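A.B. asks: The following file, target.cif, comprises mmCIF, C-alpha atoms and all ligand atoms:
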data_run
#
loop_
_atom_site.label_atom_id
_atom_site.label_comp_id
_atom_site.auth_asym_id
_atom_site.auth_seq_id
_atom_site.Cartn_x
_atom_site.Cartn_y
_atom_site.Cartn_z
CA MET A 243 -11.39 102.86 230.96
CA PRO A 244 -13.03 103.43 234.39
CA SER A 245 -16.16 101.32 234.99
CA SER A 246 -19.70 102.69 235.23
CA SER A 247 -19.55 102.06 238.94
CA ASP A 248 -16.30 104.09 239.30
CA LEU A 249 -17.75 106.87 237.17
CA PHE A 250 -21.02 106.94 239.13
CA ASP A 251 -19.01 107.36 242.35
CA ALA A 252 -16.94 110.14 240.80
CA ALA A 253 -20.03 111.78 239.32
CA ARG A 254 -21.84 111.86 242.65
CA ARG A 255 -18.95 113.81 244.16
CA VAL A 256 -19.36 116.74 241.77
CA ILE A 257 -22.88 116.44 240.33
CA PRO A 258 -26.05 116.19 242.48
CA GLY A 259 -27.00 112.50 242.35
CA GLY A 260 -24.32 112.02 239.70
CA VAL A 261 -26.69 113.08 236.92
CA ASN A 262 -27.85 116.19 235.11
CA SER A 263 -31.49 115.06 234.90
CA PRO A 264 -32.98 113.05 237.80
CA VAL A 265 -34.46 109.98 236.10
CA ARG A 266 -31.05 109.02 234.68
CA ALA A 267 -29.90 108.07 238.19
CA PHE A 268 -32.08 104.90 238.18
CA SER A 269 -33.68 106.12 241.44
CA SER A 270 -36.93 104.27 240.82
CA VAL A 271 -35.45 101.00 239.54
CA GLY A 272 -32.29 100.90 241.66
CA GLY A 273 -28.76 99.97 240.62
CA THR A 274 -25.96 101.77 238.83
CA PRO A 275 -26.76 103.42 235.52
CA PRO A 276 -24.43 102.33 232.72
CA PHE A 277 -22.21 105.21 231.62
CA ILE A 278 -22.40 105.49 227.86
CA ASP A 279 -19.27 105.66 225.79
CA ARG A 280 -20.81 105.98 222.34
CA ALA A 281 -23.92 105.14 220.37
CA GLU A 282 -24.62 104.15 216.81
CA GLY A 283 -27.93 103.42 215.11
CA ALA A 284 -30.18 101.62 217.58
CA TRP A 285 -27.30 100.63 219.87
CA LEU A 286 -25.73 102.12 223.00
CA PHE A 287 -22.23 101.04 224.04
CA ASP A 288 -21.27 101.50 227.69
CA VAL A 289 -17.84 101.93 229.26
CA ASP A 290 -18.02 98.38 230.67
CA GLY A 291 -18.01 96.79 227.23
CA ASN A 292 -21.76 96.04 227.06
CA ARG A 293 -24.07 97.00 224.25
CA TYR A 294 -27.82 97.63 224.41
CA VAL A 295 -30.71 98.01 222.00
CA ASP A 296 -31.79 101.54 222.90
CA TYR A 297 -35.50 102.29 223.44
CA VAL A 298 -34.85 105.66 225.08
CA GLY A 299 -33.22 107.44 222.16
CA SER A 300 -32.05 110.31 224.38
CA TRP A 301 -35.67 110.55 225.57
CA GLY A 302 -37.03 111.06 222.09
CA PRO A 303 -34.81 113.08 219.76
CA MET A 304 -32.97 110.19 218.08
CA ILE A 305 -35.73 109.01 215.74
CA LEU A 306 -33.12 108.44 213.01
CA GLY A 307 -30.95 106.39 215.34
CA HIS A 308 -27.68 107.60 216.83
CA ALA A 309 -24.94 109.25 214.81
CA HIS A 310 -26.97 109.33 211.60
CA PRO A 311 -24.50 110.25 208.83
CA ASP A 312 -26.60 113.17 207.47
CA VAL A 313 -26.91 114.74 210.91
CA VAL A 314 -23.26 114.21 211.85
CA LYS A 315 -22.14 115.68 208.53
CA ALA A 316 -24.38 118.74 208.90
CA VAL A 317 -23.15 119.39 212.43
CA GLN A 318 -19.49 118.89 211.55
CA ALA A 319 -19.75 121.23 208.58
CA GLN A 320 -21.39 123.91 210.71
CA ALA A 321 -19.03 123.47 213.67
CA ALA A 322 -16.10 124.51 211.49
CA ARG A 323 -17.96 127.77 210.75
CA SER A 324 -18.43 128.54 214.50
CA LEU A 325 -20.82 127.15 217.07
CA SER A 326 -22.82 130.28 217.71
CA PHE A 327 -23.20 133.80 216.34
CA GLY A 328 -25.90 135.42 218.49
CA ALA A 329 -26.86 137.12 215.24
CA PRO A 330 -29.32 136.04 212.56
CA CYS A 331 -28.26 133.27 210.18
CA GLU A 332 -29.89 131.53 207.25
CA LEU A 333 -30.18 128.13 208.92
CA GLU A 334 -32.76 129.58 211.35
CA ILE A 335 -35.02 130.43 208.42
CA ARG A 336 -34.58 127.05 206.78
CA LEU A 337 -35.53 125.15 209.96
CA ALA A 338 -38.47 127.51 210.63
CA GLU A 339 -39.71 127.01 207.06
CA LYS A 340 -39.41 123.24 207.41
CA ILE A 341 -41.41 123.28 210.68
CA CYS A 342 -44.12 125.46 209.07
CA GLU A 343 -44.25 123.07 206.11
CA LEU A 344 -44.64 119.96 208.27
CA VAL A 345 -47.01 121.40 210.90
CA PRO A 346 -49.79 123.34 209.14
CA SER A 347 -51.07 125.06 212.33
CA ILE A 348 -47.68 126.79 212.58
CA GLU A 349 -47.21 129.92 210.47
CA ALA A 350 -44.36 131.38 212.48
CA VAL A 351 -41.97 129.88 214.98
CA ARG A 352 -39.59 131.09 217.73
CA MET A 353 -36.60 128.87 218.52
CA VAL A 354 -35.59 128.17 222.11
CA ASN A 355 -33.17 125.70 223.71
CA SER A 356 -35.29 122.99 225.34
CA GLY A 357 -38.78 121.62 225.74
CA THR A 358 -39.04 123.33 229.09
CA GLU A 359 -38.35 126.69 227.50
CA ALA A 360 -40.85 125.94 224.75
CA ALA A 361 -43.61 125.19 227.28
CA MET A 362 -42.67 128.23 229.38
CA THR A 363 -42.80 130.49 226.33
CA ALA A 364 -46.07 128.96 225.13
CA LEU A 365 -47.64 129.69 228.51
CA ARG A 366 -46.42 133.30 228.58
CA LEU A 367 -47.58 133.77 225.00
CA ALA A 368 -51.06 132.44 225.80
CA ARG A 369 -51.31 134.64 228.89
CA GLY A 370 -49.99 137.70 227.08
CA HIS A 371 -52.23 137.14 224.07
CA THR A 372 -55.45 136.66 226.04
CA GLY A 373 -54.70 138.99 228.94
CA ARG A 374 -55.75 136.15 231.26
CA ASP A 375 -53.74 134.35 233.94
CA LYS A 376 -55.16 130.88 234.52
CA VAL A 377 -53.92 127.73 232.82
CA ILE A 378 -55.58 124.31 232.80
CA LYS A 379 -53.18 121.36 232.71
CA PHE A 380 -53.61 117.65 233.32
CA ALA A 381 -52.47 115.44 236.18
CA GLY A 382 -49.69 113.22 234.84
CA ASN A 383 -48.81 115.58 231.98
CA TYR A 384 -45.31 117.04 232.16
CA HIS A 385 -44.24 120.26 230.50
CA GLY A 386 -40.67 120.53 231.71
CA HIS A 387 -39.59 122.06 235.00
CA VAL A 388 -41.46 125.34 234.49
CA ASP A 389 -42.47 126.67 237.95
CA ALA A 390 -46.10 127.32 237.08
CA LEU A 391 -46.49 123.96 235.32
CA LEU A 392 -44.85 121.74 237.92
CA VAL A 393 -48.17 120.83 239.47
CA LYS A 394 -49.13 117.16 239.39
CA PRO A 395 -46.54 116.55 236.66
CA GLY A 396 -45.61 113.21 235.17
CA SER A 397 -42.44 111.16 234.65
CA GLY A 398 -39.41 112.16 236.75
CA SER A 399 -41.51 113.80 239.41
CA LEU A 400 -43.98 110.94 239.52
CA THR A 401 -41.13 108.51 239.84
CA LEU A 402 -39.67 110.45 242.73
CA GLY A 403 -43.09 110.90 244.30
CA LEU A 404 -42.83 114.67 244.22
CA PRO A 405 -46.20 116.10 243.21
CA ALA A 406 -44.58 119.52 243.00
CA SER A 407 -41.28 120.85 244.29
CA PRO A 408 -39.86 122.93 247.09
CA GLY A 409 -38.65 126.23 245.72
CA ILE A 410 -41.85 127.01 243.87
CA PRO A 411 -43.77 129.75 245.69
CA ALA A 412 -47.47 128.93 246.14
CA GLY A 413 -48.30 132.19 244.40
CA VAL A 414 -46.65 130.99 241.20
CA THR A 415 -48.92 127.95 240.90
CA ALA A 416 -52.07 129.67 242.19
CA ASP A 417 -53.34 130.10 238.63
CA THR A 418 -52.58 126.52 237.58
CA LEU A 419 -55.74 124.42 237.53
CA THR A 420 -55.47 120.67 237.16
CA ALA A 421 -57.91 118.45 235.26
CA GLU A 422 -57.93 114.69 234.61
CA TYR A 423 -56.45 113.47 231.34
CA ASN A 424 -59.05 111.96 228.97
CA ASP A 425 -61.87 113.40 231.10
CA LEU A 426 -63.58 116.30 229.34
CA ASP A 427 -66.06 116.80 232.18
CA SER A 428 -63.21 117.70 234.52
CA VAL A 429 -62.11 120.40 232.05
CA ALA A 430 -65.62 121.71 231.48
CA ALA A 431 -66.13 122.04 235.24
CA ILE A 432 -63.02 124.22 235.55
CA PHE A 433 -64.13 126.41 232.65
CA GLU A 434 -67.61 126.78 234.16
CA ALA A 435 -66.09 127.96 237.42
CA ASN A 436 -63.65 130.32 235.64
CA PRO A 437 -65.44 131.35 232.43
CA GLU A 438 -63.38 134.47 231.70
CA ASP A 439 -60.04 133.74 233.32
CA VAL A 440 -58.50 130.81 231.48
CA ALA A 441 -55.68 131.78 229.11
CA CYS A 442 -55.08 128.29 227.79
CA VAL A 443 -55.45 124.57 228.12
CA MET A 444 -52.04 122.94 227.86
CA VAL A 445 -52.04 119.25 227.01
CA GLU A 446 -49.77 116.47 225.83
CA PRO A 447 -51.91 115.28 222.88
CA VAL A 448 -50.60 111.77 223.58
CA ALA A 449 -49.56 111.59 227.22
CA GLY A 450 -45.97 110.38 227.30
CA ASN A 451 -44.99 111.20 230.85
CA MET A 452 -47.46 108.81 232.45
CA ASN A 453 -46.18 105.94 230.31
CA CYS A 454 -47.94 106.12 226.90
CA VAL A 455 -51.62 107.06 226.98
CA PRO A 456 -53.28 108.14 223.72
CA PRO A 457 -56.29 110.46 223.83
CA VAL A 458 -59.70 108.72 223.87
CA ASP A 459 -62.04 109.45 220.97
CA GLY A 460 -63.34 112.99 221.17
CA PHE A 461 -61.00 114.18 223.94
CA LEU A 462 -58.82 116.50 221.83
CA GLU A 463 -61.83 117.60 219.76
CA GLY A 464 -63.66 118.40 223.02
CA LEU A 465 -60.74 120.47 224.29
CA ARG A 466 -60.77 122.42 221.02
CA GLU A 467 -64.48 123.11 221.43
CA LEU A 468 -64.21 124.18 225.08
CA CYS A 469 -61.30 126.52 224.31
CA ASP A 470 -63.27 128.11 221.47
CA ARG A 471 -66.37 128.48 223.61
CA TYR A 472 -64.49 130.21 226.44
CA GLY A 473 -61.99 132.21 224.39
CA ALA A 474 -58.96 130.29 225.64
CA LEU A 475 -56.05 129.11 223.52
CA LEU A 476 -55.43 125.40 223.01
CA VAL A 477 -51.74 124.63 223.50
CA PHE A 478 -50.41 121.26 222.39
CA ASP A 479 -47.18 120.30 224.07
CA GLU A 480 -45.74 118.26 221.21
CA VAL A 481 -42.22 118.20 222.64
CA MET A 482 -42.44 114.40 222.66
CA THR A 483 -45.10 113.71 220.02
CA GLY A 484 -43.93 116.23 217.42
CA PHE A 485 -42.52 114.57 214.27
CA ARG A 486 -42.88 111.19 216.06
CA VAL A 487 -46.57 110.25 216.26
CA SER A 488 -46.67 111.28 212.60
CA LEU A 489 -44.65 113.63 210.41
CA GLY A 490 -47.14 116.35 211.37
CA GLY A 491 -47.10 115.32 215.03
CA ALA A 492 -50.13 114.33 217.08
CA GLN A 493 -52.13 117.17 215.56
CA GLY A 494 -51.54 115.71 212.10
CA HIS A 495 -52.40 112.23 213.30
CA PHE A 496 -55.60 113.10 215.17
CA GLY A 497 -56.70 115.99 212.96
CA VAL A 498 -57.18 118.50 215.77
CA THR A 499 -55.62 121.93 215.34
CA PRO A 500 -54.17 123.74 218.36
CA ASP A 501 -53.52 127.47 218.54
CA VAL A 502 -50.00 127.14 219.88
CA THR A 503 -47.58 124.22 219.68
CA ALA A 504 -44.52 123.58 221.85
CA LEU A 505 -41.79 121.52 220.19
CA GLY A 506 -38.53 119.99 221.39
CA LYS A 507 -36.54 116.76 221.11
CA ILE A 508 -36.72 115.69 217.41
CA VAL A 509 -36.81 119.32 216.24
CA GLY A 510 -33.17 119.59 217.33
CA GLY A 511 -32.08 116.12 216.21
CA GLY A 512 -30.18 115.60 219.48
CA MET A 513 -28.98 119.16 219.97
CA PRO A 514 -30.57 121.42 222.64
CA VAL A 515 -33.38 122.96 220.60
CA GLY A 516 -37.01 123.72 221.33
CA ALA A 517 -39.54 125.82 219.45
CA VAL A 518 -42.90 127.51 219.89
CA GLY A 519 -45.15 127.99 216.90
CA GLY A 520 -48.62 129.13 215.93
CA PRO A 521 -50.56 131.54 213.74
CA ARG A 522 -48.78 134.79 212.82
CA ALA A 523 -51.35 136.86 214.71
CA VAL A 524 -50.47 135.06 217.94
CA MET A 525 -46.72 134.67 217.36
CA ASP A 526 -46.26 138.35 216.50
CA GLY A 527 -47.19 139.09 220.09
CA LEU A 528 -43.62 138.09 220.98
CA ALA A 529 -40.86 140.70 221.19
CA PRO A 530 -39.66 142.47 219.11
CA THR A 531 -42.93 142.69 217.10
CA GLY A 532 -45.03 142.47 220.24
CA ALA A 533 -44.65 143.24 223.92
CA ILE A 534 -44.46 139.66 225.25
CA TYR A 535 -40.82 139.30 226.22
CA GLN A 536 -38.78 136.23 225.37
CA ALA A 537 -35.10 135.87 224.44
CA GLY A 538 -32.08 133.54 224.36
CA THR A 539 -28.30 133.89 223.96
CA LEU A 540 -28.02 130.53 222.18
CA SER A 541 -31.51 130.43 220.66
CA GLY A 542 -31.43 129.54 216.97
CA ASN A 543 -27.74 128.72 217.18
CA PRO A 544 -26.49 127.30 213.89
CA LEU A 545 -25.34 123.95 215.28
CA GLY A 546 -28.80 123.14 216.62
CA MET A 547 -30.45 124.45 213.46
CA ALA A 548 -28.18 122.28 211.29
CA ALA A 549 -28.92 119.12 213.30
CA GLY A 550 -32.65 119.86 213.37
CA LEU A 551 -32.85 120.60 209.67
CA ALA A 552 -30.90 117.47 208.70
CA THR A 553 -33.17 115.40 210.96
CA LEU A 554 -36.48 116.86 209.73
CA THR A 555 -35.30 116.49 206.14
CA ALA A 556 -34.40 112.81 206.59
CA ILE A 557 -37.67 111.95 208.35
CA SER A 558 -39.67 113.60 205.56
CA ALA A 559 -38.76 110.67 203.30
CA GLU A 560 -41.79 108.88 201.84
CA GLY A 561 -43.10 106.17 204.17
CA PHE A 562 -40.67 106.96 207.02
CA HIS A 563 -43.32 107.20 209.74
CA ASP A 564 -45.24 104.17 208.48
CA ARG A 565 -42.05 102.14 208.80
CA VAL A 566 -41.17 103.22 212.35
CA ALA A 567 -44.79 102.83 213.44
CA ASP A 568 -44.80 99.34 211.95
CA THR A 569 -41.62 98.41 213.84
CA THR A 570 -43.21 99.77 217.01
CA ARG A 571 -46.36 97.70 216.42
CA ARG A 572 -44.33 94.53 215.89
CA LEU A 573 -42.38 95.26 219.07
CA CYS A 574 -45.58 95.71 221.10
CA GLU A 575 -47.21 92.58 219.65
CA GLY A 576 -44.05 90.58 220.29
CA LEU A 577 -43.82 91.76 223.89
CA GLU A 578 -47.47 90.92 224.55
CA ALA A 579 -47.07 87.48 223.00
CA ALA A 580 -43.96 86.76 225.08
CA ALA A 581 -45.70 87.91 228.26
CA ARG A 582 -48.71 85.69 227.47
CA ARG A 583 -46.46 82.66 226.97
CA HIS A 584 -45.28 83.08 230.57
CA GLY A 585 -48.60 84.13 232.07
CA VAL A 586 -47.43 87.66 232.90
CA PRO A 587 -50.22 90.28 232.68
CA LEU A 588 -49.08 92.93 230.20
CA THR A 589 -50.75 95.66 228.16
CA THR A 590 -48.93 97.64 225.50
CA GLN A 591 -50.05 100.88 223.88
CA GLN A 592 -48.70 102.73 220.89
CA ALA A 593 -48.95 106.03 219.08
CA GLY A 594 -46.77 106.08 215.97
CA ALA A 595 -43.17 105.49 217.05
CA MET A 596 -43.83 105.80 220.79
CA PHE A 597 -45.07 103.00 223.01
CA GLY A 598 -45.82 102.02 226.58
CA ILE A 599 -45.69 98.74 228.49
CA PHE A 600 -47.97 98.29 231.49
CA PHE A 601 -47.82 95.43 233.96
CA THR A 602 -51.57 95.00 234.38
CA ASP A 603 -54.64 93.17 233.03
CA GLN A 604 -56.40 96.49 232.43
CA ARG A 605 -56.86 97.55 228.81
CA PRO A 606 -57.04 100.06 227.40
CA ILE A 607 -55.18 102.33 229.80
CA THR A 608 -56.81 105.74 229.51
CA ARG A 609 -56.52 107.35 232.94
CA PHE A 610 -53.72 108.33 235.22
CA GLU A 611 -55.12 106.10 237.96
CA HIS A 612 -54.83 103.09 235.62
CA VAL A 613 -51.14 103.84 235.21
CA ALA A 614 -50.61 104.37 238.92
CA ALA A 615 -52.29 101.00 239.65
CA CYS A 616 -49.80 98.99 237.54
CA ASN A 617 -47.41 96.54 239.16
CA ALA A 618 -44.31 98.64 239.87
CA GLU A 619 -42.30 95.71 241.26
CA ALA A 620 -42.86 93.69 238.08
CA PHE A 621 -41.70 96.64 235.99
CA LYS A 622 -38.54 97.00 238.06
CA ALA A 623 -37.72 93.30 237.75
CA PHE A 624 -38.42 93.36 234.00
CA PHE A 625 -36.32 96.49 233.50
CA HIS A 626 -33.27 94.87 235.10
CA ALA A 627 -33.84 91.50 233.43
CA MET A 628 -33.86 93.30 230.06
CA LEU A 629 -30.86 95.48 230.87
CA ARG A 630 -28.82 92.40 231.79
CA ARG A 631 -29.75 90.95 228.40
CA GLY A 632 -28.75 94.04 226.44
CA VAL A 633 -32.01 95.98 226.12
CA TYR A 634 -32.11 99.53 227.44
CA LEU A 635 -35.63 100.58 228.42
CA ALA A 636 -36.54 103.84 230.15
CA PRO A 637 -35.69 103.38 233.84
CA SER A 638 -39.20 104.32 234.99
CA ALA A 639 -42.67 102.86 234.56
CA PHE A 640 -43.98 106.38 233.84
CA GLU A 641 -41.95 107.00 230.68
CA ALA A 642 -42.92 106.22 227.12
CA GLY A 643 -40.53 104.17 224.99
CA PHE A 644 -39.18 105.28 221.63
CA VAL A 645 -38.37 103.38 218.45
CA SER A 646 -36.07 104.73 215.74
CA ALA A 647 -35.64 104.05 212.04
CA ALA A 648 -32.44 102.18 212.91
CA HIS A 649 -34.42 99.52 214.79
CA GLY A 650 -34.70 96.63 212.33
CA ALA A 651 -35.20 92.87 212.36
CA VAL A 652 -31.91 92.20 214.17
CA GLU A 653 -32.75 94.61 217.00
CA LEU A 654 -36.36 93.42 217.24
CA ASP A 655 -35.33 89.76 217.39
CA ALA A 656 -32.71 90.49 220.06
CA THR A 657 -35.31 92.42 222.08
CA LEU A 658 -38.01 89.76 221.88
CA GLU A 659 -35.57 86.98 222.70
CA ALA A 660 -34.46 88.95 225.77
CA ALA A 661 -38.11 89.61 226.69
CA ASP A 662 -38.98 85.92 226.49
CA ALA A 663 -36.24 85.11 229.00
CA ALA A 664 -37.10 88.14 231.14
CA PHE A 665 -40.79 87.18 231.39
CA ALA A 666 -39.77 83.59 232.21
CA GLU A 667 -37.67 84.97 235.06
CA LEU A 668 -40.60 87.11 236.28
CA ALA A 669 -43.00 84.17 236.16
CA ALA A 670 -40.63 81.92 238.15
N1 LIG B 701 -42.86 118.59 227.46
C1 LIG B 701 -42.93 117.27 227.28
C2 LIG B 701 -44.20 116.65 226.79
C3 LIG B 701 -41.82 116.47 227.58
O1 LIG B 701 -41.91 115.14 227.42
C4 LIG B 701 -40.64 117.08 228.04
C5 LIG B 701 -39.38 116.27 228.38
N2 LIG B 701 -39.49 114.93 228.46
C6 LIG B 701 -40.62 118.46 228.20
C7 LIG B 701 -41.74 119.19 227.88
C8 LIG B 701 -39.38 119.17 228.67
O2 LIG B 701 -38.41 119.13 227.71
P1 LIG B 701 -36.87 119.32 228.11
O3 LIG B 701 -36.50 118.14 228.96
O4 LIG B 701 -36.17 119.38 226.80
O5 LIG B 701 -36.78 120.60 228.86
#
For this file, write the structure as structure tokens.
C.D. replies:
Amino acid sequence: MPSSSDLFDAARRVIPGGVNSPVRAFSSVGGTPPFIDRAEGAWLFDVDGNRYVDYVGSWGPMILGHAHPDVVKAVQAQAARSLSFGAPCELEIRLAEKICELVPSIEAVRMVNSGTEAAMTALRLARGHTGRDKVIKFAGNYHGHVDALLVKPGSGSLTLGLPASPGIPAGVTADTLTAEYNDLDSVAAIFEANPEDVACVMVEPVAGNMNCVPPVDGFLEGLRELCDRYGALLVFDEVMTGFRVSLGGAQGHFGVTPDVTALGKIVGGGMPVGAVGGPRAVMDGLAPTGAIYQAGTLSGNPLGMAAGLATLTAISAEGFHDRVADTTRRLCEGLEAAARRHGVPLTTQQAGAMFGIFFTDQRPITRFEHVAACNAEAFKAFFHAMLRRGVYLAPSAFEAGFVSAAHGAVELDATLEAADAAFAELAA
């Protein structure tokens, strides 16, 4: 088998940067990304014969662990009946019903093919529904590579130091207004200056693209109130948090109800699926019932629906989210304890089965500037020290980490043992 290094060379000849999504190239941490041969449960196996405890989980979807038998079986069974029809099929209804059951704010749902598409559709829906153009988003929140939303985004773009991107006309972002996450005053000020023009506030209810930053008390409630006062829609981008922070997503966990929800990742169980949902009265604005246009050749394709349905069914098991949240808590406590033993300043934060590690004394981390002030060199060194010891963390200090149901005592012990040695190396 060719090595990761050989494959990375070959990849860079035919794929920009050798990757199909920028952060995979290890640009911010340096080095050659391992090329993955297969994955099972909590483990990734690379082409070089190494194995890693995986805390990326394909950036969120794999909450059951890799190659979960129920999901594999559902996909295999469907594949034999064709990969796509481009015509209605029953599986679309079953997944839509399951989403409506688990997320009470959603009465109707439109399937798309990615989180980006979900955010893009949510924005168009909010604009079409209200007849207004402006959108308020937050610095450090990422909603996919949607032109109008790629203003002060998080994760990949933060890592690359690109606050926006060439190729986006200024006119397209002219109606995008940026507020500070966890700062209601900054939102209120924008509303006061634009009382009748804001279509929606779009927010990651737990910010996961500036590491992992939960909302401070009253923040989401305050957004709800401001949106109601000014006639704007509240859009939760739950692409990352949906079915992860709790079975009902961040909205279930924090008890704040948005008008529109964007979903992705877990909803497709590892297949390219996204979804937009909300009350019937809003959702029926979409074509063909309404005039707001939206479409997709592969949207609702049966393979994605089968994987999503098998995943949502398995995670609906009694106590599932308590168990993954508990594993995540033990991981965070173990990492902090190991860091303390070696005198390395470290803060961890958690929301359900997502977590963040911050190389800083500051706690809690609530603002984007707290995240930006963390020790990037320490993160880089820790990332590589862990990778060498068989632990695969997100290759960026601005990404949340993800725990799956397949992470058990064996994986946790291996991780904390690696962390102890990694922190010792950092301290030396
Ligand atoms: N919204 C959020 C909150 C995300 O975290 C992401 C991806 N990490 C997206 C949207 C975009 O999703 P996708 O990469 O599937 O287009």
A.B. asks: Taking only C-alpha atoms and all ligand atoms into account, which residues are within 7 Å of ligand LIG 701 (chain B), as a list in words?
C.D. replies: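 Using only C-alpha atoms and all ligand atoms, I find these residues within 7 Å of ligand LIG 701 (chain B): Trp301, Ser356, Gly357, Thr358, Glu359, Ala361, Tyr384, His385, Gly386, His387, Glu446, Gly450, Asn451, Asp479, Glu480, Val481, Met482, Gly506 and Lys507 of chain A.
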A.B. asks: What's around region 418-431 of chain A at 6 Å? Count only C-alpha atoms, leave out sequence neighbours fewer than 6 positions away in its own chain, and write the answer as a count of residues only.
C.D. replies: 7
A.B. asks: Counting only C-alpha atoms, which of A:Val265, A:Ala580, A:Val487, A:Ala669 gets nearest to Gly594 (chain A)?
C.D. replies: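 Closest residue, counting only C-alpha atoms: A:Val487.
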A.B. asks: Looking at A:Arg582, A:Ala648, A:Ala620, A:Ala559, which one is nearest to Ala281 (chain A), with distances taken over all atoms listed in the file?
C.D. replies: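 Among the listed residues, A:Ala648 lies closest to Ala281 (chain A).
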A.B. asks: Write out as a list of chain:residue names the residues lying within 12 Å of Pro411 (chain A), counting only C-alpha atoms and excluding same-chain residues fewer than 5 positions away.
C.D. replies: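 These residues fall inside the cut-off: A:Asp389, A:Ala390, A:Leu392, A:Val393, A:Ala406, A:Ala416, A:Asp417.
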A.B. asks: Using C-alpha atoms, can you export the residues from the last selection as an mmCIF file, in the coordinates of the input?
C.D. replies:
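What landed in out28.cif:
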data_model
loop_
_atom_site.group_PDB
_atom_site.id
_atom_site.type_symbol
_atom_site.label_atom_id
_atom_site.label_comp_id
_atom_site.auth_asym_id
_atom_site.auth_seq_id
_atom_site.Cartn_x
_atom_site.Cartn_y
_atom_site.Cartn_z
ATOM 1 C CA ASP A 389 -42.470 126.670 237.950
ATOM 2 C CA ALA A 390 -46.100 127.320 237.080
ATOM 3 C CA LEU A 392 -44.850 121.740 237.920
ATOM 4 C CA VAL A 393 -48.170 120.830 239.470
ATOM 5 C CA ALA A 406 -44.580 119.520 243.000
ATOM 6 C CA ALA A 416 -52.070 129.670 242.190
ATOM 7 C CA ASP A 417 -53.340 130.100 238.630
#
A.B. asks: Near His308 (chain A), counting all atoms listed in the file, which residues have an atom at most 7 Å away, once you skip same-chain residues fewer than 4 positions from it, shown as a PyMOL selection string?
C.D. replies: chain A and resi 281-284+304
A.B. asks: Neighbours of Ala492 (chain A) within 10 Å (only C-alpha atoms; same-chain residues fewer than 2 positions away dropped), as a ChimeraX atom specification?
C.D. replies: /A:345,446-448,456-457,478-480,482-490,494-499,593-594
A.B. asks: Take the selection from the previous step and output its residues with C-alpha atoms, as a short mmCIF file (atom, residue, chain, number, x, y, z; two decimals), in the coordinates of the input.
C.D. replies:
data_model
loop_
_atom_site.label_atom_id
_atom_site.label_comp_id
_atom_site.auth_asym_id
_atom_site.auth_seq_id
_atom_site.Cartn_x
_atom_site.Cartn_y
_atom_site.Cartn_z
CA VAL A 345 -47.01 121.40 210.90
CA GLU A 446 -49.77 116.47 225.83
CA PRO A 447 -51.91 115.28 222.88
CA VAL A 448 -50.60 111.77 223.58
CA PRO A 456 -53.28 108.14 223.72
CA PRO A 457 -56.29 110.46 223.83
CA PHE A 478 -50.41 121.26 222.39
CA ASP A 479 -47.18 120.30 224.07
CA GLU A 480 -45.74 118.26 221.21
CA MET A 482 -42.44 114.40 222.66
CA THR A 483 -45.10 113.71 220.02
CA GLY A 484 -43.93 116.23 217.42
CA PHE A 485 -42.52 114.57 214.27
CA ARG A 486 -42.88 111.19 216.06
CA VAL A 487 -46.57 110.25 216.26
CA SER A 488 -46.67 111.28 212.60
CA LEU A 489 -44.65 113.63 210.41
CA GLY A 490 -47.14 116.35 211.37
CA GLY A 494 -51.54 115.71 212.10
CA HIS A 495 -52.40 112.23 213.30
CA PHE A 496 -55.60 113.10 215.17
CA GLY A 497 -56.70 115.99 212.96
CA VAL A 498 -57.18 118.50 215.77
CA THR A 499 -55.62 121.93 215.34
CA ALA A 593 -48.95 106.03 219.08
CA GLY A 594 -46.77 106.08 215.97
#
A.B. asks: Find, counting all atoms listed in the file, the residue in A:Cys342, A:Ala670, A:Val509, A:Val445 that gets nearest to Gly550 (chain A).
C.D. replies: A:Val509
A.B. asks: Which is closest to Val613 (chain A) among A:Gly512, A:Gly382, A:Pro311, A:Gly328, if we use all atoms listed in the file?
C.D. replies: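 Distance minimum relative to Val613 (chain A) lands on A:Gly382.
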A.B. asks: Saving region 467-486 of chain A with C-alpha atoms, as a PDB file, in the first residue's frame, what would that file be?
C.D. replies:
ATOM      1  CA  GLU A 467     -36.804  38.092  22.648  1.00  0.00           C
ATOM      2  CA  LEU A 468     -35.036  40.495  20.281  1.00  0.00           C
ATOM      3  CA  CYS A 469     -36.222  38.548  17.226  1.00  0.00           C
ATOM      4  CA  ASP A 470     -39.799  38.625  18.504  1.00  0.00           C
ATOM      5  CA  ARG A 471     -39.616  42.324  19.287  1.00  0.00           C
ATOM      6  CA  TYR A 472     -38.332  43.229  15.806  1.00  0.00           C
ATOM      7  CA  GLY A 473     -40.264  40.668  13.748  1.00  0.00           C
ATOM      8  CA  ALA A 474     -37.179  38.729  12.687  1.00  0.00           C
ATOM      9  CA  LEU A 475     -36.854  34.952  12.573  1.00  0.00           C
ATOM     10  CA  LEU A 476     -34.471  33.163  14.912  1.00  0.00           C
ATOM     11  CA  VAL A 477     -32.465  30.581  12.978  1.00  0.00           C
ATOM     12  CA  PHE A 478     -30.483  27.986  14.898  1.00  0.00           C
ATOM     13  CA  ASP A 479     -27.694  26.433  12.888  1.00  0.00           C
ATOM     14  CA  GLU A 480     -27.747  23.023  14.558  1.00  0.00           C
ATOM     15  CA  VAL A 481     -25.650  21.352  11.863  1.00  0.00           C
ATOM     16  CA  MET A 482     -23.117  20.474  14.560  1.00  0.00           C
ATOM     17  CA  THR A 483     -25.230  20.545  17.736  1.00  0.00           C
ATOM     18  CA  GLY A 484     -28.299  18.761  16.366  1.00  0.00           C
ATOM     19  CA  PHE A 485     -28.807  15.293  17.912  1.00  0.00           C
ATOM     20  CA  ARG A 486     -25.437  15.746  19.700  1.00  0.00           C
TER      21      ARG A 486
END
